[in-house]
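Below is one structure, written out as structure tokens; the observations come after it.
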Amino acid sequence: MRNRESEAQAVLRPCSASARYWLLMPMILLMLAAGMARAQDDDLIVAHGISTFGDLRYGPDFEHLDYVNPDAPKGGEMSFSWSSAGGSFDSLHPFTREGRPAVLSSIFFESMLEGTADEIGSAYCLLCETLAYPEDRSFVIFTIREGAAFSDGTAVTADDALFSYEILRDEGLPSFRASIGRTIAGAEVLDDRRIRFDFNPEAPLRGRIQSAGGLPVFSRASHDASGYGFSEARLEPLMGSAPYVLHEVESGQRTVFRRNPDYWGNDLPINQGRYNFDRIRIEYYGDAVAAFEGFTAGNYLFRQESSSVNWATSYDFPALDRGHVVKAELPDGTISTGQSFVINLRREKFQDARVREAIALMFNFAWTNETLFYGLYEWNDSFWQNTDLVAEGLPSEAELALLEPLRDQLRPEVFTEEPFSLPASNPDRSLDRRQARRAIGLLEEAGWVVGDDGMVRNAAGQTLDVEFLNSGPMFDRLINPYVENLRTIGINARLTRVDSAQMTQREREYDFDIITDHIPMAYEPGAGLRQYFGSQTADTSVFNAAGLADPAIDALVEHVIDAETREELSVSVAALDRVLRWERFRVPQWFNNAHWVAYYDIYRYPDPLPPFALGFLDFWWVDAEAEAALREAGAF
């Protein structure tokens, strides 16, 4: 600095007063700008958290979250399974399209902010000590906590946060890149502990700070030393700052994560009563049947059941009879996952909505639920099922204010009929003849006519071929009756089973007719809607399986994103839900409003559970005495 000052003085000495004025002007402007920045800083809102609407549940001096047991003991192991029906793995890098990441591959990372399981739209400082932002939320400054450290003990710095943002923006998943680029204009390191994110002026106010605060933070030094490109799959994870680190990995078979005893955030109020297990172990099985047998044998100790058949008929093994295993239905207040058969709109044969509706009509949910699911599931009609955001009845006046400007681009049924819902079907037999007649009529209207051989053909003589692509044998019993119903009305339907690697490849290349997918929505949906329904990412997003690309839907998505009050949000979501349902690009499946869990009787959890999370990896714990007793009894 002394050398620079001396050089400046040497330049100024021979100058005239006028010349000196112009040379000094940039410095004067910089000082004025700095003064203005300080004045602006004085007007910033400095907080320990942020909420979309209303006040935060927890004040700055909270001691722990209400739903945890702050005295929960540390120790023991949580173990569960994953079967190849959901995919094995060959990578521990969840932020690239290369490879298939293992379950919990993001367990290593923390972000500036973290949400809770008893609030919607709130986030609290985790890596950051405070966040500061102006009233217009045009930018946010996160001040990283002193002492925040990566798992190797090195400090988490603002430069690491900048690196993480920039590499995700430039080399992350394509849909993520598109979304983050529309929200965040740029980031700047202010000093070692402070980073500033500036937002695009056109980005919605709601959720913009949470989007920046939710970015995972990686160690720049660790990544540079790894020798990997960011987009490469790898079994050596990026280094993060979270409570768990990698302990053991056997590709495609097992992952074990261990709690870092030197985790920097052990004493934070937001972490009290959480991260109680010394280890988290995941066992991979070749199929769901083998995975269930592994549980009955005590090879892993916690199971969240997803099969109604298993839940209704298979829990009669010795360990359960002896009282070693607990079987429980715990309340689930979360939004439906949106599980559906998704139709690929990129295929010409599915362009006509009448064809899509005809296909949907031949899925008999009532029969499937009663015959195959023992009546345990609910119909997954709305994209926001199990919330108060569901579109109902005819459009309200507030909805019409959003829909009328788009009338020429929307289907007329949006205005004249209730939201599209498949009619109630006959639960007594798989084929509902009334639905079949309706489906044949729709196909004829769309130009697909039944020929002498019973198959429907278009004007070019082509059959309507429909392939259901699936990787798990557990779904065969669900899809095969559906395929038979479609064949009955002349559609050349078939089920093709592939392995998990092929499934992933074909999904990513959009090489399918119909797949089973999840379309998970949020209670306060925001920019993420663009990844599921937006035209700009229709051929790049891993989330927009249908390839939906519609300007009217784009406009409604922006209304949702721009909503500034809860009332505006409810209205805009209802309008979007209504329009999406009339597109008929997915055949809704089912959802469950309870968690089906079975576990060896060593685990404990807070009662009551919070409304929006089961939290078995978060705030459950091991009862050491109960574990010792079951071990002595030979339960596992």
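Identifiers for the structure tokens are assigned positionally: chains receive A, B, ... in sequence, residues are indexed from 1 per chain, and ligands are indexed from 1 in the order shown.
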
Skip Leu443 (chain A) itself and residues of its chain fewer than 6 positions away, then list as a ChimeraX atom specification all residues within 7 Å of it, counting only C-alpha atoms. /A:354-355,358,449

Where in region 384-458 of chain A does DSSP assign strand (DSSP E or B), given as a PyMOL selection string? chain A and resi 449-450+456-457

Just all heavy atoms for this one: save the residues we selected as a PDB file, in the first residue's frame.
ATOM      1  N   VAL A 449     -59.112 -44.664 -35.241  1.00  0.00           N
ATOM      2  CA  VAL A 449     -60.323 -45.454 -35.463  1.00  0.00           C
ATOM      3  C   VAL A 449     -60.001 -46.938 -35.326  1.00  0.00           C
ATOM      4  O   VAL A 449     -58.955 -47.414 -35.779  1.00  0.00           O
ATOM      5  CB  VAL A 449     -60.905 -45.176 -36.864  1.00  0.00           C
ATOM      6  CG1 VAL A 449     -62.165 -45.993 -37.113  1.00  0.00           C
ATOM      7  CG2 VAL A 449     -61.195 -43.681 -37.012  1.00  0.00           C
ATOM      8  N   VAL A 450     -60.922 -47.677 -34.694  1.00  0.00           N
ATOM      9  CA  VAL A 450     -60.737 -49.116 -34.510  1.00  0.00           C
ATOM     10  C   VAL A 450     -60.902 -49.835 -35.849  1.00  0.00           C
ATOM     11  O   VAL A 450     -61.903 -49.657 -36.561  1.00  0.00           O
ATOM     12  CB  VAL A 450     -61.760 -49.670 -33.490  1.00  0.00           C
ATOM     13  CG1 VAL A 450     -61.565 -51.188 -33.321  1.00  0.00           C
ATOM     14  CG2 VAL A 450     -61.605 -48.977 -32.152  1.00  0.00           C
ATOM     15  N   VAL A 456     -56.626 -49.618 -32.911  1.00  0.00           N
ATOM     16  CA  VAL A 456     -56.909 -48.272 -33.418  1.00  0.00           C
ATOM     17  C   VAL A 456     -55.740 -47.817 -34.290  1.00  0.00           C
ATOM     18  O   VAL A 456     -54.572 -48.106 -33.997  1.00  0.00           O
ATOM     19  CB  VAL A 456     -57.158 -47.266 -32.273  1.00  0.00           C
ATOM     20  CG1 VAL A 456     -58.392 -47.638 -31.482  1.00  0.00           C
ATOM     21  CG2 VAL A 456     -55.951 -47.124 -31.360  1.00  0.00           C
ATOM     22  N   ARG A 457     -56.100 -47.140 -35.391  1.00  0.00           N
ATOM     23  CA  ARG A 457     -55.085 -46.630 -36.314  1.00  0.00           C
ATOM     24  C   ARG A 457     -55.444 -45.203 -36.726  1.00  0.00           C
ATOM     25  O   ARG A 457     -56.613 -44.820 -36.737  1.00  0.00           O
ATOM     26  CB  ARG A 457     -54.991 -47.510 -37.560  1.00  0.00           C
ATOM     27  CG  ARG A 457     -54.268 -48.837 -37.323  1.00  0.00           C
ATOM     28  CD  ARG A 457     -54.197 -49.663 -38.624  1.00  0.00           C
ATOM     29  NE  ARG A 457     -53.249 -50.751 -38.504  1.00  0.00           N
ATOM     30  CZ  ARG A 457     -53.508 -51.904 -37.908  1.00  0.00           C
ATOM     31  NH1 ARG A 457     -54.718 -52.097 -37.389  1.00  0.00           N
ATOM     32  NH2 ARG A 457     -52.584 -52.850 -37.839  1.00  0.00           N
TER      33      ARG A 457
END

Could you make a table, as JSON lines, of the residues of region 195-244 of chain A that have an atom within 10 Å of an atom of region 275-278 of chain A, each with its nearest atom pair and distance in Å to one decimal, counting only C-alpha atoms, in chain and number order?
{"residue": "A:Ala242", "atom": "CA", "partner": "A:Tyr275", "partner_atom": "CA", "distance": 10.0}
{"residue": "A:Pro243", "atom": "CA", "partner": "A:Tyr275", "partner_atom": "CA", "distance": 7.1}
{"residue": "A:Tyr244", "atom": "CA", "partner": "A:Tyr275", "partner_atom": "CA", "distance": 8.5}

Let me see the file: selected residues, all heavy atoms, as a PDB file, in the first residue's frame.
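Final output, saved to result32.pdb:
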ATOM      1  N   ALA A 242     -21.119 -30.319   7.027  1.00  0.00           N
ATOM      2  CA  ALA A 242     -22.258 -30.880   7.751  1.00  0.00           C
ATOM      3  C   ALA A 242     -21.818 -31.870   8.830  1.00  0.00           C
ATOM      4  O   ALA A 242     -20.647 -32.253   8.904  1.00  0.00           O
ATOM      5  CB  ALA A 242     -23.208 -31.544   6.763  1.00  0.00           C
ATOM      6  N   PRO A 243     -22.775 -32.330   9.659  1.00  0.00           N
ATOM      7  CA  PRO A 243     -22.420 -33.206  10.781  1.00  0.00           C
ATOM      8  C   PRO A 243     -21.871 -34.569  10.378  1.00  0.00           C
ATOM      9  O   PRO A 243     -21.180 -35.211  11.165  1.00  0.00           O
ATOM     10  CB  PRO A 243     -23.740 -33.366  11.532  1.00  0.00           C
ATOM     11  CG  PRO A 243     -24.570 -32.200  11.144  1.00  0.00           C
ATOM     12  CD  PRO A 243     -24.173 -31.885   9.742  1.00  0.00           C
ATOM     13  N   TYR A 244     -22.182 -35.037   9.150  1.00  0.00           N
ATOM     14  CA  TYR A 244     -21.781 -36.382   8.765  1.00  0.00           C
ATOM     15  C   TYR A 244     -20.745 -36.360   7.653  1.00  0.00           C
ATOM     16  O   TYR A 244     -20.776 -35.506   6.753  1.00  0.00           O
ATOM     17  CB  TYR A 244     -23.000 -37.197   8.326  1.00  0.00           C
ATOM     18  CG  TYR A 244     -23.879 -37.587   9.496  1.00  0.00           C
ATOM     19  CD1 TYR A 244     -24.971 -36.802   9.850  1.00  0.00           C
ATOM     20  CD2 TYR A 244     -23.599 -38.715  10.264  1.00  0.00           C
ATOM     21  CE1 TYR A 244     -25.769 -37.132  10.934  1.00  0.00           C
ATOM     22  CE2 TYR A 244     -24.389 -39.061  11.350  1.00  0.00           C
ATOM     23  CZ  TYR A 244     -25.470 -38.265  11.683  1.00  0.00           C
ATOM     24  OH  TYR A 244     -26.244 -38.597  12.760  1.00  0.00           O
TER      25      TYR A 244
END

Might you pull out every residue within 10 Å of Tyr523 (chain A), with only C-alpha atoms counted and same-chain residues fewer than 4 positions away left off, and present them as a PyMOL selection string? chain A and resi 120-121+334-335+384+387-389+569-570+573

Same residues, N, CA and C atoms, saved as an mmCIF file, in the first residue's frame:
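File selection.cif, as written:
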data_model
loop_
_atom_site.group_PDB
_atom_site.id
_atom_site.type_symbol
_atom_site.label_atom_id
_atom_site.label_comp_id
_atom_site.auth_asym_id
_atom_site.auth_seq_id
_atom_site.Cartn_x
_atom_site.Cartn_y
_atom_site.Cartn_z
ATOM 1 N N ILE A 120 -43.831 -23.242 7.421
ATOM 2 C CA ILE A 120 -43.778 -23.162 5.972
ATOM 3 C C ILE A 120 -43.208 -21.798 5.596
ATOM 4 N N GLY A 121 -42.204 -21.805 4.755
ATOM 5 C CA GLY A 121 -41.669 -20.553 4.233
ATOM 6 C C GLY A 121 -40.676 -19.845 5.118
ATOM 7 N N THR A 334 -47.651 -33.776 5.193
ATOM 8 C CA THR A 334 -46.949 -33.175 4.070
ATOM 9 C C THR A 334 -47.761 -33.253 2.792
ATOM 10 N N ILE A 335 -47.399 -32.415 1.865
ATOM 11 C CA ILE A 335 -48.036 -32.380 0.559
ATOM 12 C C ILE A 335 -47.761 -33.690 -0.176
ATOM 13 N N TRP A 384 -51.462 -30.220 -5.961
ATOM 14 C CA TRP A 384 -51.219 -29.784 -4.589
ATOM 15 C C TRP A 384 -52.106 -30.562 -3.610
ATOM 16 N N THR A 387 -53.314 -30.274 0.565
ATOM 17 C CA THR A 387 -53.116 -28.894 1.017
ATOM 18 C C THR A 387 -54.395 -28.114 0.754
ATOM 19 N N ASP A 388 -54.412 -26.863 1.185
ATOM 20 C CA ASP A 388 -55.561 -25.995 0.908
ATOM 21 C C ASP A 388 -55.361 -25.183 -0.374
ATOM 22 N N LEU A 389 -54.392 -25.582 -1.208
ATOM 23 C CA LEU A 389 -54.119 -24.877 -2.455
ATOM 24 C C LEU A 389 -54.812 -25.512 -3.655
ATOM 25 N N LEU A 569 -50.962 -15.841 -3.469
ATOM 26 C CA LEU A 569 -50.359 -17.133 -3.744
ATOM 27 C C LEU A 569 -51.420 -18.206 -3.904
ATOM 28 N N SER A 570 -52.392 -18.248 -3.005
ATOM 29 C CA SER A 570 -53.443 -19.259 -3.063
ATOM 30 C C SER A 570 -54.229 -19.164 -4.367
ATOM 31 N N VAL A 573 -51.938 -20.232 -7.411
ATOM 32 C CA VAL A 573 -51.689 -21.674 -7.432
ATOM 33 C C VAL A 573 -52.947 -22.418 -7.878
#

Neighbouring residues of Thr488 (chain A) were defined as those with any atom within 12 Å, considering only C-alpha atoms; residues of the same chain fewer than 5 positions away were excluded. Please report them as a tab-separated table (two decimals) with C-alpha atoms, in the first residue's frame.
chain	number	residue	atom	x	y	z
A	359	ILE	CA	-55.23	-43.28	-22.02
A	362	MET	CA	-58.33	-46.76	-18.77
A	430	SER	CA	-60.34	-53.92	-13.71
A	431	LEU	CA	-62.03	-52.94	-16.97
A	432	ASP	CA	-64.72	-50.29	-16.54
A	433	ARG	CA	-66.80	-50.60	-19.72
A	435	GLN	CA	-64.85	-45.61	-19.24
A	436	ALA	CA	-63.81	-47.77	-22.19
A	437	ARG	CA	-66.68	-46.47	-24.33
A	439	ALA	CA	-62.10	-43.53	-24.27
A	440	ILE	CA	-62.94	-45.07	-27.67
A	450	VAL	CA	-60.74	-49.12	-34.51
A	453	ASP	CA	-58.26	-56.37	-36.14
A	454	GLY	CA	-59.46	-54.43	-33.09
A	455	MET	CA	-56.48	-52.04	-33.10
A	456	VAL	CA	-56.91	-48.27	-33.42
A	481	PRO	CA	-53.80	-54.57	-15.75
A	482	TYR	CA	-53.56	-51.03	-17.10
A	483	VAL	CA	-51.82	-52.33	-20.23
A	493	ALA	CA	-49.72	-50.98	-25.15

So that I can see what lies close to region 212-226 of chain A, please list as a PyMOL selection string the residues with an atom at most 10 Å from it, counting only C-alpha atoms and leaving out residues fewer than 3 positions away in the same chain. chain A and resi 106+108-115+123-128+131+139-142+149-152+154-165+167-168+180+183-184+187+196-199+207-209+229-230+236-242

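Closest approach to Arg274 (chain A) from the set A:Asp618, A:Glu467, A:Glu329, A:Asp262 is made by A:Asp618, with distances taken over only C-alpha atoms.
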
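Around Asp554 (chain A), within 9 Å and counting only C-alpha atoms, the residues found are Arg530, Phe533, Gly534, Ser535, Gln536, Ala549, Asp550, Pro551, Val557, Glu558 and His559 of chain A, once anything fewer than 3 positions away on its own chain is removed.
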
Shell of 10 Å around region 314-322 of chain A, only C-alpha atoms, local chain residues under 5 positions omitted, as a PyMOL selection string: chain A and resi 292-293+295-298+307-309+327+598-601+634-636

Run DSSP on the backbone and tell me which residues of region 218-266 of chain A come out as helix (DSSP H, G or I); list them as an MDAnalysis selection string. chainID A and resid 220:226

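Between CA of Leu630 (chain A) and CA of Arg604 (chain A) the interatomic distance comes to 14.5 Å.
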
Proximity to His247 (chain A) - best of A:Asn266, A:Thr52, A:Gln589, A:Asn260, only C-alpha atoms: A:Asn260

Restricting to only C-alpha atoms, whichever of A:Arg487, A:Arg206, A:Arg346, A:Arg631 is closest to Pro525 (chain A) is A:Arg206

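Ranking A:Met503, A:Leu576, A:Ala629, A:Ala312 by their shortest atom-to-atom distance to Glu399 (chain A), with only C-alpha atoms included, puts A:Leu576 first.
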
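For the atom pair formed by CA of Ala290 (chain A) and CA of Ser83 (chain A), the distance is 8.2 Å, given to one decimal.
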